[in-house]
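Peer 1: This is the structure, below, for whatever I ask next.
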Amino acid sequence: MRVPPQPRPVPDAAVPATSPLASVATFGRMIKFSHTVFALPFALAAAAIAARGHGITAGRVAAIVLAMVAARTAAMGFNRIVDRRFDARNPRTAGRELPAGKVSLAAAVALTTASAALFVAAAAWLGPLCLALSPVALALVLGYSFTKRFTWLCHIFLGAAIAAGPGGAWIAVRGDVAAPALWLMAAVATWIGGFDILYAIADRDFDRTAGLHSIPARFGIRAALAASAVLHGLTVTALLLLARAAGLGPIYLAGVALILAILVWEHALVRPSDLSRLDVAFFTLNGYVSVAFLVATLADVLVR
């Protein structure tokens, strides 16, 4: 596919000065801050399960939230930095803040570095094991950005990176790793991997021309939809096994049933011959999944 020429990015020095509020909004759009809803609820749910019979303070909850937001900001900032040349060539992403010149490279590097440092500081406050594992977590969330350069398994790597969030939240409360945390991490990894495959369908043609790897680019749309459905089936299985491992009850299981219904709806919206509702399937419905999981888990923990 021939990629049409794109407007040349505005040089760093030409980025206009804006108000502090406008700058914050621009940075928020660059890192897709609103997408924090995908991962943060699972970390909070992990903390809630881990806190049963153990207790948790408001300060520890705040530190978990801070660590999650900082790690995600660092990951997204790093992704935008290393992918900026690909983004400039892709018609779908050419308008992103870095290639469009709305954010300077220096500012993006500063935001990413500061966020990574803030994450390590929050991990240190949460305990020695969290601090010791913080470089591993950063390596996972930052390293994902390079995987699509050499493997179509990049979606699984992204899922594993984000699954470190609820695992870290469990460690922050309990100081160890147990079966419930592992099942929750498996659920998050397969859920994220499954919907990232759907997201990658939009870039299938560009990825092929740019030499980037993904399941849609390597195997086509039908195989990508099938792979996504299999991963989401594993998600529901892992959530059910979490119920058994953590002793969760009917309210939680009702939440899992709702999540299953949402995932079925998501896959019903996307067909090989009709990708027009891909954004609804990716953004809206997956937000429902994470919120439904958090509400059902908290309700079950509090009632039981």
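Letters A, B, ... go to the chains of the structure tokens in the order shown; residues in each chain start at 1; ligands are counted from 1 in the same order.
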Apply DSSP to the backbone of this structure and, from region 27-210 of chain A, keep only the residues in alpha helix (DSSP H); write these as a ChimeraX atom specification.
Peer 2: /A:27-30,40-51,58-82,84-89,105-126,128-147,154-174,179-201,204-210
Peer 1: Residues within 12 Å of Ala223 (chain A), please, as an MDAnalysis selection string. Count only C-alpha atoms; anything in the same chain fewer than 5 positions from it doesn't count.
Peer 2: chainID A and resid 197:198 201 214:218 228:230 271:272
Peer 1: Kindly save the residues from that selection, with N, CA, C and O atoms included, as a PDB file, in the first residue's frame.
Peer 2:
```
ATOM      1  N   ILE A 197      -4.951  -7.308  19.830  1.00  0.00           N
ATOM      2  CA  ILE A 197      -5.032  -7.898  18.487  1.00  0.00           C
ATOM      3  C   ILE A 197      -6.110  -7.188  17.673  1.00  0.00           C
ATOM      4  O   ILE A 197      -5.913  -6.858  16.495  1.00  0.00           O
ATOM      5  N   LEU A 198      -7.259  -6.942  18.303  1.00  0.00           N
ATOM      6  CA  LEU A 198      -8.328  -6.220  17.609  1.00  0.00           C
ATOM      7  C   LEU A 198      -7.864  -4.827  17.206  1.00  0.00           C
ATOM      8  O   LEU A 198      -8.118  -4.363  16.085  1.00  0.00           O
ATOM      9  N   ILE A 201      -5.718  -4.558  14.087  1.00  0.00           N
ATOM     10  CA  ILE A 201      -6.337  -4.768  12.776  1.00  0.00           C
ATOM     11  C   ILE A 201      -6.348  -3.470  11.975  1.00  0.00           C
ATOM     12  O   ILE A 201      -6.148  -3.476  10.751  1.00  0.00           O
ATOM     13  N   SER A 214       2.584  -8.088  13.668  1.00  0.00           N
ATOM     14  CA  SER A 214       1.382  -8.258  14.485  1.00  0.00           C
ATOM     15  C   SER A 214       0.666  -9.486  13.965  1.00  0.00           C
ATOM     16  O   SER A 214       0.948  -9.968  12.851  1.00  0.00           O
ATOM     17  N   ILE A 215      -0.265  -9.984  14.746  1.00  0.00           N
ATOM     18  CA  ILE A 215      -1.028 -11.144  14.277  1.00  0.00           C
ATOM     19  C   ILE A 215      -1.887 -10.792  13.058  1.00  0.00           C
ATOM     20  O   ILE A 215      -1.923 -11.555  12.092  1.00  0.00           O
ATOM     21  N   PRO A 216      -2.575  -9.622  13.042  1.00  0.00           N
ATOM     22  CA  PRO A 216      -3.314  -9.286  11.821  1.00  0.00           C
ATOM     23  C   PRO A 216      -2.415  -9.146  10.598  1.00  0.00           C
ATOM     24  O   PRO A 216      -2.783  -9.582   9.501  1.00  0.00           O
ATOM     25  N   ALA A 217      -1.231  -8.544  10.764  1.00  0.00           N
ATOM     26  CA  ALA A 217      -0.331  -8.370   9.623  1.00  0.00           C
ATOM     27  C   ALA A 217       0.225  -9.701   9.145  1.00  0.00           C
ATOM     28  O   ALA A 217       0.414  -9.908   7.941  1.00  0.00           O
ATOM     29  N   ARG A 218       0.474 -10.613  10.065  1.00  0.00           N
ATOM     30  CA  ARG A 218       1.093 -11.892   9.707  1.00  0.00           C
ATOM     31  C   ARG A 218       0.075 -12.908   9.188  1.00  0.00           C
ATOM     32  O   ARG A 218       0.325 -13.619   8.209  1.00  0.00           O
ATOM     33  N   SER A 228      -7.997 -13.573  18.970  1.00  0.00           N
ATOM     34  CA  SER A 228      -8.521 -12.693  20.015  1.00  0.00           C
ATOM     35  C   SER A 228      -9.618 -13.394  20.814  1.00  0.00           C
ATOM     36  O   SER A 228      -9.666 -13.313  22.048  1.00  0.00           O
ATOM     37  N   ALA A 229     -10.506 -14.101  20.123  1.00  0.00           N
ATOM     38  CA  ALA A 229     -11.591 -14.815  20.802  1.00  0.00           C
ATOM     39  C   ALA A 229     -11.046 -15.914  21.713  1.00  0.00           C
ATOM     40  O   ALA A 229     -11.538 -16.107  22.839  1.00  0.00           O
ATOM     41  N   VAL A 230     -10.020 -16.626  21.251  1.00  0.00           N
ATOM     42  CA  VAL A 230      -9.415 -17.673  22.087  1.00  0.00           C
ATOM     43  C   VAL A 230      -8.814 -17.073  23.345  1.00  0.00           C
ATOM     44  O   VAL A 230      -9.006 -17.586  24.462  1.00  0.00           O
ATOM     45  N   ARG A 271     -16.405  -7.916  12.437  1.00  0.00           N
ATOM     46  CA  ARG A 271     -16.422  -9.009  11.469  1.00  0.00           C
ATOM     47  C   ARG A 271     -15.367  -8.733  10.400  1.00  0.00           C
ATOM     48  O   ARG A 271     -15.035  -7.569  10.145  1.00  0.00           O
ATOM     49  N   PRO A 272     -14.868  -9.777   9.757  1.00  0.00           N
ATOM     50  CA  PRO A 272     -13.877  -9.539   8.696  1.00  0.00           C
ATOM     51  C   PRO A 272     -14.376  -8.592   7.611  1.00  0.00           C
ATOM     52  O   PRO A 272     -13.591  -7.845   7.022  1.00  0.00           O
TER      53      PRO A 272
END
```
Peer 1: Can you measure CA of Cys154 (chain A) to CA of Phe38 (chain A) for me? One decimal in Å is fine.
Peer 2: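 Value for the CA of Cys154 (chain A)-CA of Phe38 (chain A) distance: 18.1 Å.
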Peer 1: Neighbouring residues of Thr190 (chain A) were defined as those with any atom within 8 Å, considering only C-alpha atoms; residues of the same chain fewer than 6 positions away were excluded. Please report them as a list in words.
Peer 2: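 In the requested form, the answer reads Ile156, Gly159, Leu231, His232, Leu234 and Thr235 of chain A.
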Peer 1: I need the residues from that last selection saved to file as a CSV table (one decimal), in the first residue's frame (with C-alpha atoms), if you can.
Peer 2:
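Saved as part.csv:
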```csv
chain,number,residue,atom,x,y,z
A,156,ILE,CA,1.1,-11.3,24.4
A,159,GLY,CA,-0.5,-8.3,28.1
A,231,LEU,CA,-7.5,-15.3,24.4
A,232,HIS,CA,-10.7,-13.9,25.7
A,234,LEU,CA,-8.8,-17.9,28.5
A,235,THR,CA,-9.5,-14.6,30.3
```
Peer 1: If you take only C-alpha atoms and a cut-off of 8 Å, which residues of region 24-45 of chain A touch region 95-118 of chain A, and what are their nearest atom pairs and distances in Å to one decimal, in chain and number order, as a Markdown table?
Peer 2:
```
| residue | atom | partner | partner_atom | distance |
| --- | --- | --- | --- | --- |
| A:Thr26 | CA | A:Glu97 | CA | 7.4 |
| A:Phe27 | CA | A:Val103 | CA | 7.5 |
| A:Arg29 | CA | A:Glu97 | CA | 7.7 |
| A:Met30 | CA | A:Glu97 | CA | 5.7 |
```
Peer 1: Could you give me, as a ChimeraX atom specification, the residues within 7 Å of region 170-187 of chain A, counting only C-alpha atoms and dropping anything in the same chain fewer than 2 positions from it?
Peer 2: /A:46-47,50-51,56,126-127,129-130,163-164,166-168,189-191,235,238-239,241-242,245-246
Peer 1: Restricting the calculation to only C-alpha atoms, which member of A:Gly220, A:Gly255, A:Pro135, A:Gly165 is positioned closest to Val289 (chain A)?
Peer 2: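 Once distances to Val289 (chain A) are computed over only C-alpha atoms, the minimum belongs to A:Gly255.
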Peer 1: Measure the distance from CA of Leu21 (chain A) to CA of Tyr288 (chain A) in Å and round it to one decimal.
Peer 2: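 Distance between the two atoms: 28.6 Å.
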Peer 1: Between A:Leu260, A:Val188, A:Val136, A:Ala122, single out the one closest to Phe42 (chain A), counting only C-alpha atoms.
Peer 2: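 Among the listed residues, the smallest separation from Phe42 (chain A) belongs to A:Val188.
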Peer 1: My list of candidates is A:Phe157, A:Phe78, A:Trp265, A:Trp152. Which is closest to Ala200 (chain A) when distances are computed with only C-alpha atoms?
Peer 2: A:Trp152
Peer 1: Write out as an NGL selection string which residues come within 12 Å of Ser290 (chain A) when counting only C-alpha atoms, dropping same-chain ones fewer than 4 positions away.
Peer 2: :A and (35-45 or 187-188 or 191-192 or 255-256 or 258-260 or 262-263 or 283-286 or 294-297)
Peer 1: I need the residue nearest Arg89 (chain A) from this list: A:Leu269, A:Ile251, A:Ala210, A:Val61. Use only C-alpha atoms for the distance.
Peer 2: A:Ala210
Peer 1: Quick one, how far is CA of Ile64 (chain A) from CA of Ala261 (chain A)?
Peer 2: 29.6 Å
